[in-house]
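One structure is given here, and the rest of the page talks about it.
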Amino acid sequence: MNGFLVEHGGMQSSIQDAGRVGVSDIGLTQSGAMDEYAFGYANLLLGNPFNTSVIEVALGGMILRARGNFSIALCGASMPCSLNGESIELWQTYTLKEDDILSFGFATSGNFAYIAVIGGFLTPLAYGSFSTSIKEGLGGVEGRKLLKGDFLACESRVLKNKRKVENPWLPIYAKEVVLRVVLGYQSDFFSKVQHNTFFNTPYMYKGEGDRMGYRLSGEKIVPKATGILSEPICFGAIQIPSHGEPIVLLKERQTIGGYPKIGSVLCVDCFKLAQLRAGGVVKFEVIGLEEAGAKARAFYRFFLSSKLS
Amino acid sequence: MKLEFRIASYNSLIIYFGEKIDPLISKEVQKAYLALKNAHIEGFFEIIPSYASIMISYDILQYDHREACLKAQTIIDNAQEIDKLEQKIVTIPTYYGLEVGFDLEVLAQEKNLSVEEIIALHVSEDYFVYAIGFAPGFAYLGEIHEALATSRLPNPRKAVPKGSVAIADRQSAVYPLLSPAGWKILGCTPTAMFDSTYEGLSLLHVGDMVRFEPISKALFLKLGGAL
């Protein structure tokens, strides 16, 4: 059998693709890679279609043993990474042979790193997606995080040439991110003064977050009604519960909720937020709907149509 | 019915059919939802109904907000009436003990009622299933007695046990899985709300009627409930 034997699962490593689609109406969460930029590059380096399953390593601490020969790509959070004890760089491809040991220490910046293989991992599909949703116990390996002893099969395919992401395209996981917000939903529940506060004061991410969403701390803003009739929630929606501090809802968000929302963070900025470490600072900025659409289109056009030679 | 289209995000729109819990509005939502779902529109990759709204997430490479709204409006305008389905009544055995009903006492104080009266009010109504969402198998039930209407917790709990029976505003629900929860908890049911063998993974479906039946601690434990 060709693939990875998990020697150490790490904090929370799981199989993810771009997420589960078309099943939110029965209450299933989208799930999928928290940072589609690093996820997209990991697949792009290997010539995979964008939506190919990978291992998402959250925070680090993972050790894998190779069975057979196959190429991999590593992208994402800065985790000290080694191959057979020798330090290696992320954002490039490697070809592994039998018994090679790939090891990740703990991330020094960013939260999520991705390990891609050619053609993706051969785990069963669940509702049209390979993504693990731990809360629902669906997808990936038995719907849970990866554990010692798991075997992740993949095809025995090897790249001819080594590839890497060039410098200008390497992200910097800064301690401060700007999140561009499309106003929508109940944005008119918040007064002009509250809009001013929200968009002109920094918020801090204290680490109160997971794959579902990130709660941010800072100036409280209070809507004119604290509860609304429960309604569907989209990726990036900024929910303001009655404690007045924003929660940005991410990949493993609930499908329906009853807290007012001031708008939604643009997808590409949600990916940056996902990589923000505890102690990081967030600033919100308004973006028009058309410009937001153009940014998102540019992102997905790049990953859906690019081929590296 | 006059619909209101609003922006949800760069690739999602939300359509409001009204602003209250009302079986007539719910019926309009269901009618529009079925029409949108059955139209299999390429690029409308998520269509989620709730009490009085439907959200559509669309492929940004195929539509902008205005085009997506027009497309949705056309389909909703031509939606067929749905046949009246046979209404199913589902009974949910519930243990309303203080050790699982975390908010019973506080709520009783807030409402100036006894815990027994709170429970009696909760079981006094049959509830209509308005939406499935939040999590698989999570059914939004309405409406609870006016005297029970209550706000959500200012700070949602990090986790409540599977089967927790809850209320918020004029709604009730059962948490199908261990999950974070902002609703107030009155009790717990041993009945599984979410199971991979259920149709659509959910015991309850939109349009069903639900009845809560108080059970003893002994029966709760016998039926598989955990404390």
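Following the order of the structure tokens, first chain is A, next is B, and so on, with residues numbered from 1 inside each chain and ligands from 1 in the order they appear.
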
Item to check | Backbone-only DSSP, alpha helix (DSSP H) members of segment 28-261 of chain A, as a list of chain:residue names | outcome: A:Glu36, A:Tyr37, A:Ala38, A:Phe39, A:Gly40, A:Tyr41, A:Ala42, A:Asn43, A:Leu44, A:Leu45, A:Lys192, A:Val193, A:Gln194, A:His195, A:Asn196, A:Thr197, A:Phe198, A:Phe199, A:Asn200

Item to check | Test item: chain A residues at most 8 Å from chain B, counting only C-alpha atoms, as a VMD selection string | outcome: chain A and resid 21 to 29 135 to 136 182 to 185 227 229 to 237 241 to 243 254 to 257 263 to 266 289 292 to 293 296 to 297 301

Selected residues, C-alpha atoms, written as a PDB file, in the first residue's frame, please.
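Heads up, here's the output in result_28.pdb:
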ATOM      1  CA  VAL A  21     -21.544  21.705  -1.055  1.00  0.00           C
ATOM      2  CA  GLY A  22     -25.312  21.621  -1.498  1.00  0.00           C
ATOM      3  CA  VAL A  23     -26.140  19.976   1.833  1.00  0.00           C
ATOM      4  CA  SER A  24     -26.427  22.975   4.162  1.00  0.00           C
ATOM      5  CA  ASP A  25     -30.188  22.758   3.760  1.00  0.00           C
ATOM      6  CA  ILE A  26     -30.180  19.516   5.751  1.00  0.00           C
ATOM      7  CA  GLY A  27     -28.006  21.183   8.384  1.00  0.00           C
ATOM      8  CA  LEU A  28     -24.587  19.880   7.381  1.00  0.00           C
ATOM      9  CA  THR A  29     -21.746  22.319   7.774  1.00  0.00           C
ATOM     10  CA  LYS A 135     -18.553  17.865  15.153  1.00  0.00           C
ATOM     11  CA  GLU A 136     -20.751  15.827  12.827  1.00  0.00           C
ATOM     12  CA  VAL A 182     -19.401  43.486   2.544  1.00  0.00           C
ATOM     13  CA  LEU A 183     -22.211  45.177   4.469  1.00  0.00           C
ATOM     14  CA  GLY A 184     -25.376  43.135   4.470  1.00  0.00           C
ATOM     15  CA  TYR A 185     -27.876  41.144   6.515  1.00  0.00           C
ATOM     16  CA  GLY A 227     -32.090  38.314  18.659  1.00  0.00           C
ATOM     17  CA  LEU A 229     -35.624  35.134  13.640  1.00  0.00           C
ATOM     18  CA  SER A 230     -33.074  32.382  12.979  1.00  0.00           C
ATOM     19  CA  GLU A 231     -31.824  32.588   9.408  1.00  0.00           C
ATOM     20  CA  PRO A 232     -29.173  31.027   7.147  1.00  0.00           C
ATOM     21  CA  ILE A 233     -25.518  31.964   7.662  1.00  0.00           C
ATOM     22  CA  CYS A 234     -22.893  32.289   4.927  1.00  0.00           C
ATOM     23  CA  PHE A 235     -19.110  31.912   4.996  1.00  0.00           C
ATOM     24  CA  GLY A 236     -17.508  34.927   6.667  1.00  0.00           C
ATOM     25  CA  ALA A 237     -20.704  36.225   8.291  1.00  0.00           C
ATOM     26  CA  PRO A 241     -24.253  38.268  19.943  1.00  0.00           C
ATOM     27  CA  SER A 242     -25.593  40.296  22.836  1.00  0.00           C
ATOM     28  CA  HIS A 243     -22.114  40.450  24.425  1.00  0.00           C
ATOM     29  CA  GLN A 254     -23.547  26.426  11.894  1.00  0.00           C
ATOM     30  CA  THR A 255     -25.942  26.690   8.916  1.00  0.00           C
ATOM     31  CA  ILE A 256     -28.599  28.773  10.700  1.00  0.00           C
ATOM     32  CA  GLY A 257     -28.398  31.231  13.580  1.00  0.00           C
ATOM     33  CA  GLY A 263     -22.124  41.889   7.099  1.00  0.00           C
ATOM     34  CA  SER A 264     -19.621  39.316   5.889  1.00  0.00           C
ATOM     35  CA  VAL A 265     -15.851  39.172   5.567  1.00  0.00           C
ATOM     36  CA  LEU A 266     -14.598  38.645   2.025  1.00  0.00           C
ATOM     37  CA  LEU A 289     -20.062  44.453  -3.372  1.00  0.00           C
ATOM     38  CA  ALA A 292     -15.488  42.251  -3.402  1.00  0.00           C
ATOM     39  CA  GLY A 293     -16.833  40.120  -6.247  1.00  0.00           C
ATOM     40  CA  ALA A 296     -13.029  36.775  -5.161  1.00  0.00           C
ATOM     41  CA  ARG A 297     -13.239  36.127  -8.910  1.00  0.00           C
ATOM     42  CA  ARG A 301      -9.862  32.213 -11.542  1.00  0.00           C
TER      43      ARG A 301
END

Which residues of segment 1-120 of chain A have any atom within 12 Å of an atom in segment 211-219 of chain A when counting only C-alpha atoms, and what is the closest pair of atoms for each, with the distance in Å to one decimal? Order the rows by chain and rising number and write it as a tab-separated table.
residue	atom	partner	partner_atom	distance
A:Gln12	CA	A:Arg211	CA	10.4
A:Ser13	CA	A:Arg211	CA	11.7
A:Ser14	CA	A:Arg211	CA	11.3
A:Gln16	CA	A:Arg211	CA	11.7
A:Thr29	CA	A:Met212	CA	9.1
A:Gln30	CA	A:Met212	CA	9.9
A:Ser31	CA	A:Arg211	CA	7.9
A:Gly32	CA	A:Arg211	CA	9.2
A:Ala33	CA	A:Arg211	CA	9.1
A:Met34	CA	A:Arg211	CA	7.0
A:Asp35	CA	A:Arg211	CA	10.5
A:Glu56	CA	A:Arg211	CA	11.3
A:Ala58	CA	A:Arg211	CA	9.7
A:Asn111	CA	A:Arg211	CA	10.9
A:Phe112	CA	A:Arg211	CA	10.5

Next on the checklist: DSSP on the backbone: which residues in segment 5-114 of chain B end up as strand (DSSP E or B)? Give the answer as a PyMOL selection string.
Outcome noted: chain B and resi 5-9+12-16+44-49+53-58+89-95

Checklist entry - Taking only C-alpha atoms into account, which of B:Glu81, B:Asp22, B:Asp103, B:Glu4 comes nearest Glu143 of chain B? => result B:Asp22

Item to check | For Ile15 of chain A: contacts at 10 Å, only C-alpha atoms, fewer than 6 positions along chain excluded, given as a ChimeraX atom specification | outcome: /A:32-33,53-57,114-115,120-121,123,130-133,139-141,143-146,152

Create the file for the chosen residues now, containing C-alpha atoms and written as a PDB file, in the first residue's frame.
ATOM      1  CA  GLY A  32     -13.122  22.254   4.190  1.00  0.00           C
ATOM      2  CA  ALA A  33      -9.658  23.812   4.249  1.00  0.00           C
ATOM      3  CA  SER A  53      -8.209  16.367  -0.635  1.00  0.00           C
ATOM      4  CA  VAL A  54      -5.159  17.108   1.519  1.00  0.00           C
ATOM      5  CA  ILE A  55      -4.070  16.774   5.129  1.00  0.00           C
ATOM      6  CA  GLU A  56      -4.712  19.938   7.100  1.00  0.00           C
ATOM      7  CA  VAL A  57      -2.256  20.174   9.983  1.00  0.00           C
ATOM      8  CA  TYR A 114      -1.332  21.530   4.130  1.00  0.00           C
ATOM      9  CA  ILE A 115       0.173  18.300   2.819  1.00  0.00           C
ATOM     10  CA  GLY A 120      -5.519  13.390  -3.238  1.00  0.00           C
ATOM     11  CA  PHE A 121      -6.004  10.906  -0.404  1.00  0.00           C
ATOM     12  CA  THR A 123     -10.587   8.227   1.871  1.00  0.00           C
ATOM     13  CA  PHE A 130     -13.715  14.354   1.514  1.00  0.00           C
ATOM     14  CA  SER A 131     -13.709  17.039   4.197  1.00  0.00           C
ATOM     15  CA  THR A 132     -13.743  15.986   7.816  1.00  0.00           C
ATOM     16  CA  SER A 133     -16.398  17.576   9.984  1.00  0.00           C
ATOM     17  CA  GLY A 139     -15.746  12.546   6.230  1.00  0.00           C
ATOM     18  CA  GLY A 140     -11.997  11.937   6.310  1.00  0.00           C
ATOM     19  CA  VAL A 141     -10.981   9.071   8.581  1.00  0.00           C
ATOM     20  CA  GLY A 143     -15.155  11.698  10.840  1.00  0.00           C
ATOM     21  CA  ARG A 144     -12.430  12.465  13.360  1.00  0.00           C
ATOM     22  CA  LYS A 145      -8.991  14.013  13.665  1.00  0.00           C
ATOM     23  CA  LEU A 146      -6.075  11.856  12.557  1.00  0.00           C
ATOM     24  CA  LEU A 152      -3.797   7.482   4.495  1.00  0.00           C
TER      25      LEU A 152
END

Checklist entry - Quick one: residues within 10 Å of segment 111-117 of chain B, only C-alpha atoms counted, chain neighbours fewer than 2 positions away excluded, as a PyMOL selection string? => result chain B and resi 96-98+103-109+119-123+147-150+186

Only C-alpha atoms, please: the residues just picked out, written as a PDB file, in the first residue's frame.
ATOM      1  CA  TYR B  96     -37.106  17.971  32.772  1.00  0.00           C
ATOM      2  CA  GLY B  97     -34.769  17.513  35.771  1.00  0.00           C
ATOM      3  CA  LEU B  98     -32.631  20.260  37.265  1.00  0.00           C
ATOM      4  CA  ASP B 103     -31.764  27.151  33.054  1.00  0.00           C
ATOM      5  CA  LEU B 104     -35.022  25.948  34.666  1.00  0.00           C
ATOM      6  CA  GLU B 105     -34.486  27.695  37.988  1.00  0.00           C
ATOM      7  CA  VAL B 106     -33.185  30.976  36.595  1.00  0.00           C
ATOM      8  CA  LEU B 107     -35.998  31.066  34.073  1.00  0.00           C
ATOM      9  CA  ALA B 108     -38.600  30.341  36.765  1.00  0.00           C
ATOM     10  CA  GLN B 109     -37.245  33.277  38.761  1.00  0.00           C
ATOM     11  CA  ILE B 119     -42.392  22.662  32.363  1.00  0.00           C
ATOM     12  CA  ALA B 120     -46.190  22.595  32.088  1.00  0.00           C
ATOM     13  CA  LEU B 121     -46.091  25.563  29.711  1.00  0.00           C
ATOM     14  CA  HIS B 122     -43.435  23.920  27.544  1.00  0.00           C
ATOM     15  CA  VAL B 123     -45.385  20.658  27.160  1.00  0.00           C
ATOM     16  CA  ALA B 147     -45.249  33.441  29.006  1.00  0.00           C
ATOM     17  CA  LEU B 148     -42.068  31.436  28.298  1.00  0.00           C
ATOM     18  CA  ALA B 149     -40.566  33.764  25.681  1.00  0.00           C
ATOM     19  CA  THR B 150     -36.978  34.476  26.670  1.00  0.00           C
ATOM     20  CA  LEU B 186     -35.018  23.076  30.060  1.00  0.00           C
TER      21      LEU B 186
END

Item to check | Interatomic distance, atom CA of Val178 of chain A to atom CA of Lys283 of chain A (Å, one decimal) | outcome: 4.8 Å

For segment 72-76 of chain A, find every residue with an atom within 6 Å (counting only C-alpha atoms), except residues of its own chain fewer than 2 positions away, and show them as a short mmCIF file (atom, residue, chain, number, x, y, z; two decimals) with C-alpha atoms, in the first residue's frame.
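Saved to result.cif:
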data_model
loop_
_atom_site.label_atom_id
_atom_site.label_comp_id
_atom_site.auth_asym_id
_atom_site.auth_seq_id
_atom_site.Cartn_x
_atom_site.Cartn_y
_atom_site.Cartn_z
CA ALA A 38 -2.18 27.61 1.09
CA ALA A 42 -0.36 22.82 -2.31
CA LEU A 90 7.48 24.65 3.03
CA TRP A 91 5.86 25.95 -0.18
CA GLN A 92 7.55 23.34 -2.34
CA THR A 93 7.37 19.73 -3.47
CA TYR A 94 9.34 16.71 -2.28
CA PHE A 112 -2.75 25.68 9.33
CA ALA A 113 -0.38 23.84 6.99
CA TYR A 114 -1.33 21.53 4.13
CA ILE A 115 0.17 18.30 2.82
CA ALA A 116 -0.97 17.43 -0.69
CA VAL A 117 -0.29 14.31 -2.76
#

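Excluding Ile167 of chain B itself and same-chain residues fewer than 3 positions from it, the residues having an atom within 6 Å of it are Gln171, Ser172, Trp183 and Lys184 of chain B, counting only C-alpha atoms.
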
Residue subset to file, keeping N, CA and C atoms, as a PDB file, in the first residue's frame:
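Ended up saving to part_6.pdb:
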ATOM      1  N   GLN B 171     -39.120  30.291  20.215  1.00  0.00           N
ATOM      2  CA  GLN B 171     -38.753  29.042  19.559  1.00  0.00           C
ATOM      3  C   GLN B 171     -38.312  27.984  20.562  1.00  0.00           C
ATOM      4  N   SER B 172     -38.417  26.734  20.135  1.00  0.00           N
ATOM      5  CA  SER B 172     -37.874  25.635  20.918  1.00  0.00           C
ATOM      6  C   SER B 172     -37.075  24.743  19.982  1.00  0.00           C
ATOM      7  N   TRP B 183     -29.062  28.970  23.534  1.00  0.00           N
ATOM      8  CA  TRP B 183     -30.453  28.908  23.978  1.00  0.00           C
ATOM      9  C   TRP B 183     -30.501  28.423  25.421  1.00  0.00           C
ATOM     10  N   LYS B 184     -31.650  28.674  26.079  1.00  0.00           N
ATOM     11  CA  LYS B 184     -31.795  28.254  27.471  1.00  0.00           C
ATOM     12  C   LYS B 184     -32.293  26.805  27.531  1.00  0.00           C
TER      13      LYS B 184
END
